[in-house]
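Next comes upload.json, with JSON, C-alpha atoms.
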[["chain", "number", "residue", "atom", "x", "y", "z"],
["Z", 1, "MET", "CA", 32.31, 25.09, 42.70],
["Z", 2, "SER", "CA", 31.42, 23.21, 39.54],
["Z", 3, "GLU", "CA", 34.20, 20.70, 38.97],
["Z", 4, "THR", "CA", 31.98, 18.46, 36.91],
["Z", 5, "GLN", "CA", 28.56, 18.74, 35.35],
["Z", 6, "ASN", "CA", 27.25, 16.98, 38.39],
["Z", 7, "PRO", "CA", 26.12, 19.39, 41.10],
["Z", 8, "ILE", "CA", 25.05, 16.67, 43.54],
["Z", 9, "ARG", "CA", 28.39, 14.91, 43.37],
["Z", 10, "ASP", "CA", 30.17, 18.24, 43.74],
["Z", 11, "ALA", "CA", 28.04, 19.10, 46.77],
["Z", 12, "ILE", "CA", 28.84, 15.74, 48.36],
["Z", 13, "ALA", "CA", 32.57, 16.12, 47.71],
["Z", 14, "GLU", "CA", 32.46, 19.62, 49.14],
["Z", 15, "ALA", "CA", 30.56, 18.49, 52.24],
["Z", 16, "ILE", "CA", 33.14, 15.74, 52.83],
["Z", 17, "ARG", "CA", 35.96, 18.25, 52.40],
["Z", 18, "GLU", "CA", 34.51, 20.89, 54.63],
["Z", 19, "ASN", "CA", 33.18, 18.85, 57.52],
["Z", 20, "GLU", "CA", 35.83, 17.18, 59.64],
["Z", 21, "ILE", "CA", 33.44, 14.43, 60.63],
["Z", 22, "ILE", "CA", 30.46, 13.67, 58.42],
["Z", 23, "LEU", "CA", 28.02, 10.79, 58.44],
["Z", 24, "PHE", "CA", 25.80, 9.94, 55.49],
["Z", 25, "MET", "CA", 22.82, 8.00, 56.79],
["Z", 26, "LYS", "CA", 19.19, 7.09, 56.31],
["Z", 27, "GLY", "CA", 17.20, 9.54, 58.38],
["Z", 28, "THR", "CA", 18.71, 11.82, 60.99],
["Z", 29, "PRO", "CA", 20.64, 11.07, 64.20],
["Z", 30, "GLU", "CA", 17.45, 11.96, 66.12],
["Z", 31, "GLN", "CA", 15.23, 9.92, 63.83],
["Z", 32, "PRO", "CA", 17.22, 7.24, 62.01],
["Z", 33, "MET", "CA", 15.26, 5.33, 59.37],
["Z", 34, "CYS", "CA", 17.34, 2.15, 59.33],
["Z", 35, "GLY", "CA", 18.90, -0.02, 62.05],
["Z", 36, "PHE", "CA", 22.41, 0.27, 60.61],
["Z", 37, "SER", "CA", 22.23, 4.05, 60.47],
["Z", 38, "ALA", "CA", 20.77, 4.10, 63.98],
["Z", 39, "ARG", "CA", 23.63, 2.04, 65.36],
["Z", 40, "THR", "CA", 26.27, 4.17, 63.68],
["Z", 41, "ALA", "CA", 24.78, 7.49, 64.72],
["Z", 42, "GLY", "CA", 24.36, 6.05, 68.23],
["Z", 43, "ALA", "CA", 28.08, 5.25, 68.46],
["Z", 44, "MET", "CA", 28.94, 8.77, 67.39],
["Z", 45, "GLN", "CA", 26.56, 10.26, 69.93],
["Z", 46, "ALA", "CA", 27.96, 8.01, 72.66],
["Z", 47, "LEU", "CA", 31.40, 9.51, 72.03],
["Z", 48, "ASP", "CA", 29.89, 12.96, 72.26],
["Z", 49, "VAL", "CA", 31.80, 14.38, 69.32],
["Z", 50, "PRO", "CA", 30.17, 16.94, 67.07],
["Z", 51, "PHE", "CA", 29.51, 15.66, 63.57],
["Z", 52, "ALA", "CA", 27.66, 16.66, 60.45],
["Z", 53, "ALA", "CA", 24.96, 14.30, 59.23],
["Z", 54, "VAL", "CA", 23.36, 14.03, 55.81],
["Z", 55, "ASP", "CA", 20.08, 12.22, 55.28],
["Z", 56, "ILE", "CA", 20.39, 10.44, 51.92],
["Z", 57, "LEU", "CA", 16.73, 9.49, 51.68],
["Z", 58, "PRO", "CA", 15.13, 12.67, 50.32],
["Z", 59, "ASP", "CA", 16.82, 12.30, 46.92],
["Z", 60, "PRO", "CA", 17.94, 8.90, 45.52],
["Z", 61, "ARG", "CA", 20.68, 10.65, 43.56],
["Z", 62, "ILE", "CA", 22.52, 11.45, 46.81],
["Z", 63, "ARG", "CA", 23.07, 7.78, 47.53],
["Z", 64, "GLN", "CA", 23.95, 7.02, 43.94],
["Z", 65, "GLU", "CA", 26.52, 9.79, 43.71],
["Z", 66, "LEU", "CA", 27.93, 9.13, 47.17],
["Z", 67, "SER", "CA", 28.58, 5.47, 46.36],
["Z", 68, "ALA", "CA", 30.07, 6.42, 43.00],
["Z", 69, "LEU", "CA", 32.39, 8.84, 44.76],
["Z", 70, "SER", "CA", 33.39, 6.61, 47.67],
["Z", 71, "GLY", "CA", 33.31, 3.21, 45.99],
["Z", 72, "TRP", "CA", 31.32, 1.98, 48.98],
["Z", 73, "PRO", "CA", 27.97, 0.41, 48.16],
["Z", 74, "THR", "CA", 26.05, 0.67, 51.41],
["Z", 75, "ILE", "CA", 24.72, 3.27, 53.83],
["Z", 76, "PRO", "CA", 25.75, 4.56, 56.36],
["Z", 77, "GLN", "CA", 29.18, 5.92, 55.43],
["Z", 78, "LEU", "CA", 31.38, 7.79, 57.88],
["Z", 79, "PHE", "CA", 34.09, 10.17, 56.70],
["Z", 80, "VAL", "CA", 36.73, 11.72, 58.94],
["Z", 81, "ARG", "CA", 38.96, 14.45, 57.56],
["Z", 82, "GLY", "CA", 38.00, 13.59, 54.02],
["Z", 83, "GLU", "CA", 38.58, 9.86, 54.30],
["Z", 84, "LEU", "CA", 36.06, 7.05, 54.33],
["Z", 85, "ILE", "CA", 36.28, 5.23, 57.67],
["Z", 86, "GLY", "CA", 33.67, 2.63, 56.84],
["Z", 87, "GLY", "CA", 30.08, 1.56, 57.19],
["Z", 88, "ALA", "CA", 28.02, 0.29, 60.11],
["Z", 89, "ASP", "CA", 30.06, -2.86, 60.80],
["Z", 90, "ILE", "CA", 33.45, -1.17, 60.75],
["Z", 91, "VAL", "CA", 32.25, 1.75, 62.86],
["Z", 92, "ALA", "CA", 30.75, -0.68, 65.40],
["Z", 93, "GLU", "CA", 33.97, -2.70, 65.60],
["Z", 94, "MET", "CA", 36.04, 0.46, 65.96],
["Z", 95, "PHE", "CA", 33.69, 1.82, 68.60],
["Z", 96, "GLU", "CA", 34.03, -1.33, 70.67],
["Z", 97, "SER", "CA", 37.81, -1.46, 70.38],
["Z", 98, "GLY", "CA", 38.26, 2.22, 71.20],
["Z", 99, "GLU", "CA", 39.73, 2.94, 67.75],
["Z", 100, "LEU", "CA", 36.78, 5.13, 66.85],
["Z", 101, "ALA", "CA", 37.34, 7.49, 69.76],
["Z", 102, "ALA", "CA", 40.97, 7.80, 68.67],
["Z", 103, "ALA", "CA", 40.09, 8.35, 65.01],
["Z", 104, "LEU", "CA", 37.52, 10.98, 65.89],
["Z", 105, "GLY", "CA", 39.82, 12.73, 68.28],
["Z", 106, "ALA", "CA", 37.34, 12.24, 71.10],
["Z", 107, "GLU", "CA", 40.05, 12.86, 73.68],
["Z", 108, "PRO", "CA", 39.55, 16.17, 75.50],
["Z", 109, "ALA", "CA", 42.81, 17.53, 74.08],
["Z", 110, "ALA", "CA", 41.57, 17.27, 70.51],
["Z", 111, "ALA", "CA", 38.17, 18.81, 71.16],
["Z", 112, "ALA", "CA", 39.55, 22.31, 70.88],
["Z", 113, "GLU", "CA", 40.49, 21.67, 67.27],
["Z", 114, "ALA", "CA", 36.90, 21.34, 66.11],
["Z", 115, "PRO", "CA", 36.43, 23.88, 63.35],
["Z", 116, "ALA", "CA", 34.36, 26.85, 64.33],
["Z", 117, "ASP", "CA", 33.63, 28.22, 60.89],
["Z", 118, "GLN", "CA", 30.84, 26.64, 58.93],
["Z", 119, "PRO", "CA", 30.26, 26.87, 55.21],
["Z", 120, "ALA", "CA", 27.20, 28.98, 54.72],
["Z", 121, "ASP", "CA", 25.84, 27.54, 51.52],
["Z", 122, "ASP", "CA", 26.21, 23.77, 51.51],
["Z", 123, "GLY", "CA", 23.08, 23.10, 53.47],
["Z", 124, "SER", "CA", 20.69, 23.77, 50.65],
["Z", 125, "LEU", "CA", 21.39, 20.95, 48.22],
["Z", 126, "LEU", "CA", 22.08, 18.12, 50.65],
["Z", 127, "GLY", "CA", 20.05, 19.28, 53.60],
["Z", 128, "ILE", "CA", 22.99, 18.91, 55.94],
["Z", 129, "GLU", "CA", 21.91, 18.81, 59.47],
["Z", 130, "ASN", "CA", 25.03, 20.18, 61.00],
["Z", 131, "ARG", "CA", 25.58, 19.10, 64.50],
["Z", 132, "LEU", "CA", 28.67, 21.12, 65.25],
["Z", 133, "ARG", "CA", 27.90, 23.02, 68.39],
["N", 1, "MET", "CA", 15.99, -14.69, 45.93],
["N", 2, "PRO", "CA", 19.54, -15.31, 47.16],
["N", 3, "THR", "CA", 20.11, -17.74, 50.01],
["N", 4, "ALA", "CA", 22.75, -17.79, 52.71],
["N", 5, "ALA", "CA", 24.25, -20.94, 51.15],
["N", 6, "GLU", "CA", 24.48, -19.19, 47.80],
["N", 7, "LEU", "CA", 26.24, -16.16, 49.29],
["N", 8, "LYS", "CA", 28.65, -18.43, 51.12],
["N", 9, "ALA", "CA", 29.50, -20.29, 47.90],
["N", 10, "ARG", "CA", 29.97, -17.08, 45.95],
["N", 11, "ILE", "CA", 32.25, -15.52, 48.57],
["N", 12, "GLU", "CA", 34.35, -18.68, 48.87],
["N", 13, "SER", "CA", 34.78, -19.04, 45.12],
["N", 14, "ALA", "CA", 35.58, -15.36, 44.56],
["N", 15, "ILE", "CA", 38.04, -14.77, 47.42],
["N", 16, "ALA", "CA", 41.04, -17.06, 47.40],
["N", 17, "GLY", "CA", 41.45, -19.27, 50.44],
["N", 18, "SER", "CA", 38.37, -17.94, 52.16],
["N", 19, "GLU", "CA", 35.91, -19.57, 54.48],
["N", 20, "ALA", "CA", 32.57, -17.91, 55.01],
["N", 21, "GLU", "CA", 29.77, -18.39, 57.48],
["N", 22, "VAL", "CA", 26.61, -16.73, 56.26],
["N", 23, "GLU", "CA", 23.32, -16.47, 58.07],
["N", 24, "SER", "CA", 19.99, -15.04, 57.11],
["N", 25, "ALA", "CA", 16.57, -15.18, 58.67],
["N", 26, "ASP", "CA", 14.75, -13.80, 55.64],
["N", 27, "ASP", "CA", 17.04, -14.17, 52.57],
["N", 28, "VAL", "CA", 17.18, -10.38, 52.34],
["N", 29, "HIS", "CA", 19.30, -9.39, 55.34],
["N", 30, "PHE", "CA", 22.52, -11.36, 55.66],
["N", 31, "THR", "CA", 25.27, -11.62, 58.23],
["N", 32, "ALA", "CA", 28.61, -12.97, 57.10],
["N", 33, "ARG", "CA", 31.88, -13.81, 58.78],
["N", 34, "VAL", "CA", 34.68, -14.27, 56.29],
["N", 35, "VAL", "CA", 38.17, -15.55, 57.10],
["N", 36, "SER", "CA", 40.78, -15.46, 54.36],
["N", 37, "GLY", "CA", 44.52, -15.33, 54.00],
["N", 38, "SER", "CA", 43.91, -12.86, 51.16],
["N", 39, "PHE", "CA", 42.99, -10.29, 53.81],
["N", 40, "ALA", "CA", 46.50, -10.25, 55.30],
["N", 41, "GLY", "CA", 47.96, -6.78, 55.32],
["N", 42, "LEU", "CA", 44.73, -5.13, 54.18],
["N", 43, "SER", "CA", 42.79, -2.61, 56.22],
["N", 44, "ARG", "CA", 39.32, -3.54, 57.43],
["N", 45, "LEU", "CA", 37.92, -1.17, 54.84],
["N", 46, "GLU", "CA", 39.78, -2.98, 52.04],
["N", 47, "GLN", "CA", 38.72, -6.38, 53.37],
["N", 48, "HIS", "CA", 35.07, -5.38, 53.42],
["N", 49, "ARG", "CA", 35.40, -3.90, 49.97],
["N", 50, "MET", "CA", 36.66, -7.25, 48.63],
["N", 51, "VAL", "CA", 33.54, -8.97, 49.90],
["N", 52, "TYR", "CA", 31.23, -6.20, 48.69],
["N", 53, "ASP", "CA", 32.83, -6.49, 45.25],
["N", 54, "VAL", "CA", 31.57, -10.08, 45.00],
["N", 55, "PHE", "CA", 28.03, -8.70, 45.07],
["N", 56, "ASP", "CA", 28.57, -5.63, 42.94],
["N", 57, "GLY", "CA", 25.24, -4.02, 42.11],
["N", 58, "GLU", "CA", 23.21, -6.41, 44.27],
["N", 59, "LEU", "CA", 23.68, -4.72, 47.63],
["N", 60, "GLY", "CA", 20.70, -2.57, 48.40],
["N", 61, "GLY", "CA", 18.78, -4.56, 45.80],
["N", 62, "ALA", "CA", 18.17, -8.31, 46.12],
["N", 63, "ILE", "CA", 20.61, -8.33, 49.03],
["N", 64, "HIS", "CA", 19.10, -5.63, 51.17],
["N", 65, "ALA", "CA", 21.86, -5.69, 53.74],
["N", 66, "LEU", "CA", 25.06, -7.61, 54.31],
["N", 67, "SER", "CA", 26.55, -7.25, 57.74],
["N", 68, "LEU", "CA", 30.22, -8.22, 57.66],
["N", 69, "LYS", "CA", 32.99, -9.33, 59.87],
["N", 70, "THR", "CA", 36.28, -10.10, 58.16],
["N", 71, "GLU", "CA", 39.40, -11.70, 59.58],
["N", 72, "SER", "CA", 42.77, -12.86, 58.47],
["N", 73, "PRO", "CA", 43.54, -16.33, 59.92]]
Could you take the file, read its structure, and then write that structure out as structure tokens?
Amino acid sequence: MSETQNPIRDAIAEAIRENEIILFMKGTPEQPMCGFSARTAGAMQALDVPFAAVDILPDPRIRQELSALSGWPTIPQLFVRGELIGGADIVAEMFESGELAAALGAEPAAAAEAPADQPADDGSLLGIENRLR
Amino acid sequence: MPTAAELKARIESAIAGSEAEVESADDVHFTARVVSGSFAGLSRLEQHRMVYDVFDGELGGAIHALSLKTESP
């Protein structure tokens, strides 16, 4: 899976491709290290949808490559089905308006579509804490 | 160190027809509300991107955080 000479960017692109809902944040959902990340992870948890989370803090290159890839300068960043939804402000607005629940497929009918198979090897480079249950 | 007044002026000069209210308690974390006709027809993501582009390379640096709310009048 080496599309470029940039393994971190490749790993990020792959994680975005392979996880239906993925949040790049500072810290973890259980222990967020920044108020914006905390708020965003909190909204996701309130909707009770499974999501993958990547802590960008352990390696500064993760943030650098993520922003280069997404064209979005700040953290957190939420991706759903491969597309950037937004950062903390957009996620908060969408949570309050109910758009987030719709975008995440939080309705009971959509829950069955959550992918059951997990990539075995993408946890090593990014330290994905996969919350799919 | 950037000030809220400076951010306001930069947003308003960079985005056509925009009015910005910018607040900051510490000149590091900023909250901005930007209203502009240029936002019409753009998604929220694209609207935020336009404002972020004004501060290319400064977010996460001198501007530690910029919390945004964008609206089309």
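Reported to one decimal place, the separation of atom CA of Z:Leu126 from atom CA of N:Val28 is 29.0 Å.
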Pull the neighbourhood of (38.3, -14.0, 62.0) for me: all residues within 10 Å in file coordinates, counting all atoms listed in the file, as a PDB file with C-alpha atoms, keeping the file's coordinate frame.
ATOM      1  CA  GLU N  19      35.910 -19.570  54.480  1.00  0.00           C
ATOM      2  CA  ALA N  20      32.570 -17.910  55.010  1.00  0.00           C
ATOM      3  CA  ARG N  33      31.880 -13.810  58.780  1.00  0.00           C
ATOM      4  CA  VAL N  34      34.680 -14.270  56.290  1.00  0.00           C
ATOM      5  CA  VAL N  35      38.170 -15.550  57.100  1.00  0.00           C
ATOM      6  CA  SER N  36      40.780 -15.460  54.360  1.00  0.00           C
ATOM      7  CA  LYS N  69      32.990  -9.330  59.870  1.00  0.00           C
ATOM      8  CA  THR N  70      36.280 -10.100  58.160  1.00  0.00           C
ATOM      9  CA  GLU N  71      39.400 -11.700  59.580  1.00  0.00           C
ATOM     10  CA  SER N  72      42.770 -12.860  58.470  1.00  0.00           C
ATOM     11  CA  PRO N  73      43.540 -16.330  59.920  1.00  0.00           C
TER      12      PRO N  73
END
Task: Among listed residues N:Leu68, N:Ile63, N:Ser43, N:Ser38, nearest N:Ile15 (using all atoms listed in the file) - done: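 So, comparing all the options, the nearest one is N:Ser38.
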Open item on the list: For Z:Val91, find every residue with an atom within 7 Å (counting only C-alpha atoms), except residues of its own chain fewer than 4 positions away, and show them as a PyMOL selection string.
Closed with: chain Z and resi 40+86-87+95+100
List every residue of chain Z that has an atom at most 8 Å from any atom of chain N, and for each one report the closest atom pair and its distance in Å to one decimal, counting all atoms listed in the file, with rows sorted by chain and then by increasing residue number, as a tab-separated table.
residue	atom	partner	partner_atom	distance
Z:Trp72	CA	N:Arg49	CA	7.2
Z:Pro73	CA	N:Leu59	CA	6.7
Z:Thr74	CA	N:Gly60	CA	6.9
Z:Ile85	CA	N:Leu45	CA	7.2
Z:Gly86	CA	N:Leu45	CA	6.0
Z:Asp89	CA	N:Leu68	CA	6.2
Z:Ile90	CA	N:Arg44	CA	7.1
Open item on the list: I'd like the interatomic distance between atom CA of Z:Pro76 and atom CA of Z:Ile21, to a tenth of an Å.
Closed with: 13.2 Å
Task: Coordinates-based distance that separates atom CA of N:Arg10 from atom CA of N:Glu23 (Å, one decimal) - done: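 Separating atom CA of N:Glu23 from atom CA of N:Arg10 is a distance of 13.8 Å.
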Can you patch up stretch 11-46 of chain N, filling it in to N, CA and C atoms, and show the result as a CSV table (one decimal), in the frame of the given file?
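Output file result.csv is given in full below:
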chain,number,residue,atom,x,y,z
N,11,ILE,N,31.1,-16.1,47.9
N,11,ILE,CA,32.2,-15.5,48.6
N,11,ILE,C,33.5,-16.4,48.5
N,12,GLU,N,33.2,-17.7,48.8
N,12,GLU,CA,34.4,-18.7,48.9
N,12,GLU,C,35.0,-18.9,47.5
N,13,SER,N,34.2,-18.8,46.4
N,13,SER,CA,34.8,-19.0,45.1
N,13,SER,C,35.5,-17.8,44.6
N,14,ALA,N,35.0,-16.6,45.1
N,14,ALA,CA,35.6,-15.4,44.6
N,14,ALA,C,36.8,-14.9,45.3
N,15,ILE,N,36.9,-15.2,46.6
N,15,ILE,CA,38.0,-14.8,47.4
N,15,ILE,C,38.9,-16.0,47.8
N,16,ALA,N,40.1,-15.9,47.3
N,16,ALA,CA,41.0,-17.1,47.4
N,16,ALA,C,41.2,-17.5,48.9
N,17,GLY,N,41.2,-18.7,49.1
N,17,GLY,CA,41.4,-19.3,50.4
N,17,GLY,C,40.5,-18.8,51.5
N,18,SER,N,39.3,-18.5,51.2
N,18,SER,CA,38.4,-17.9,52.2
N,18,SER,C,37.4,-19.0,52.7
N,19,GLU,N,37.0,-18.8,53.9
N,19,GLU,CA,35.9,-19.6,54.5
N,19,GLU,C,34.9,-18.6,55.0
N,20,ALA,N,33.6,-18.8,54.6
N,20,ALA,CA,32.6,-17.9,55.0
N,20,ALA,C,31.5,-18.6,55.8
N,21,GLU,N,31.0,-17.9,56.8
N,21,GLU,CA,29.8,-18.4,57.5
N,21,GLU,C,28.7,-17.3,57.2
N,22,VAL,N,27.6,-17.7,56.6
N,22,VAL,CA,26.6,-16.7,56.3
N,22,VAL,C,25.3,-17.2,56.9
N,23,GLU,N,24.6,-16.2,57.5
N,23,GLU,CA,23.3,-16.5,58.1
N,23,GLU,C,22.3,-15.5,57.6
N,24,SER,N,21.1,-15.9,57.5
N,24,SER,CA,20.0,-15.0,57.1
N,24,SER,C,18.7,-15.6,57.6
N,25,ALA,N,17.9,-14.7,58.2
N,25,ALA,CA,16.6,-15.2,58.7
N,25,ALA,C,15.5,-15.0,57.6
N,26,ASP,N,15.8,-14.1,56.6
N,26,ASP,CA,14.8,-13.8,55.6
N,26,ASP,C,15.2,-13.8,54.2
N,27,ASP,N,16.5,-14.2,53.9
N,27,ASP,CA,17.0,-14.2,52.6
N,27,ASP,C,17.1,-12.8,52.0
N,28,VAL,N,17.0,-11.8,52.8
N,28,VAL,CA,17.2,-10.4,52.3
N,28,VAL,C,18.3,-9.7,53.1
N,29,HIS,N,18.3,-9.9,54.5
N,29,HIS,CA,19.3,-9.4,55.3
N,29,HIS,C,20.3,-10.5,55.7
N,30,PHE,N,21.5,-10.3,55.4
N,30,PHE,CA,22.5,-11.4,55.7
N,30,PHE,C,23.6,-10.9,56.6
N,31,THR,N,24.1,-11.9,57.4
N,31,THR,CA,25.3,-11.6,58.2
N,31,THR,C,26.4,-12.6,57.8
N,32,ALA,N,27.5,-12.1,57.6
N,32,ALA,CA,28.6,-13.0,57.1
N,32,ALA,C,29.9,-12.7,57.9
N,33,ARG,N,30.6,-13.9,58.2
N,33,ARG,CA,31.9,-13.8,58.8
N,33,ARG,C,32.8,-14.5,57.8
N,34,VAL,N,33.8,-13.8,57.3
N,34,VAL,CA,34.7,-14.3,56.3
N,34,VAL,C,36.1,-14.3,56.8
N,35,VAL,N,36.8,-15.4,56.7
N,35,VAL,CA,38.2,-15.6,57.1
N,35,VAL,C,38.9,-15.9,55.8
N,36,SER,N,40.0,-15.1,55.6
N,36,SER,CA,40.8,-15.5,54.4
N,36,SER,C,42.2,-14.9,54.5
N,37,GLY,N,43.1,-15.8,54.0
N,37,GLY,CA,44.5,-15.3,54.0
N,37,GLY,C,44.7,-14.2,53.1
N,38,SER,N,43.8,-14.0,52.1
N,38,SER,CA,43.9,-12.9,51.2
N,38,SER,C,43.8,-11.5,51.9
N,39,PHE,N,43.2,-11.5,53.1
N,39,PHE,CA,43.0,-10.3,53.8
N,39,PHE,C,44.3,-9.8,54.5
N,40,ALA,N,45.3,-10.6,54.6
N,40,ALA,CA,46.5,-10.2,55.3
N,40,ALA,C,47.1,-8.9,54.8
N,41,GLY,N,47.3,-8.0,55.7
N,41,GLY,CA,48.0,-6.8,55.3
N,41,GLY,C,47.0,-5.7,54.8
N,42,LEU,N,45.7,-6.1,54.7
N,42,LEU,CA,44.7,-5.1,54.2
N,42,LEU,C,44.0,-4.5,55.4
N,43,SER,N,43.6,-3.3,55.2
N,43,SER,CA,42.8,-2.6,56.2
N,43,SER,C,41.4,-3.3,56.2
N,44,ARG,N,40.7,-3.0,57.3
N,44,ARG,CA,39.3,-3.5,57.4
N,44,ARG,C,38.5,-3.0,56.3
N,45,LEU,N,38.7,-1.8,55.9
N,45,LEU,CA,37.9,-1.2,54.8
N,45,LEU,C,38.2,-1.9,53.5
N,46,GLU,N,39.4,-2.3,53.3
N,46,GLU,CA,39.8,-3.0,52.0
N,46,GLU,C,39.2,-4.4,52.1
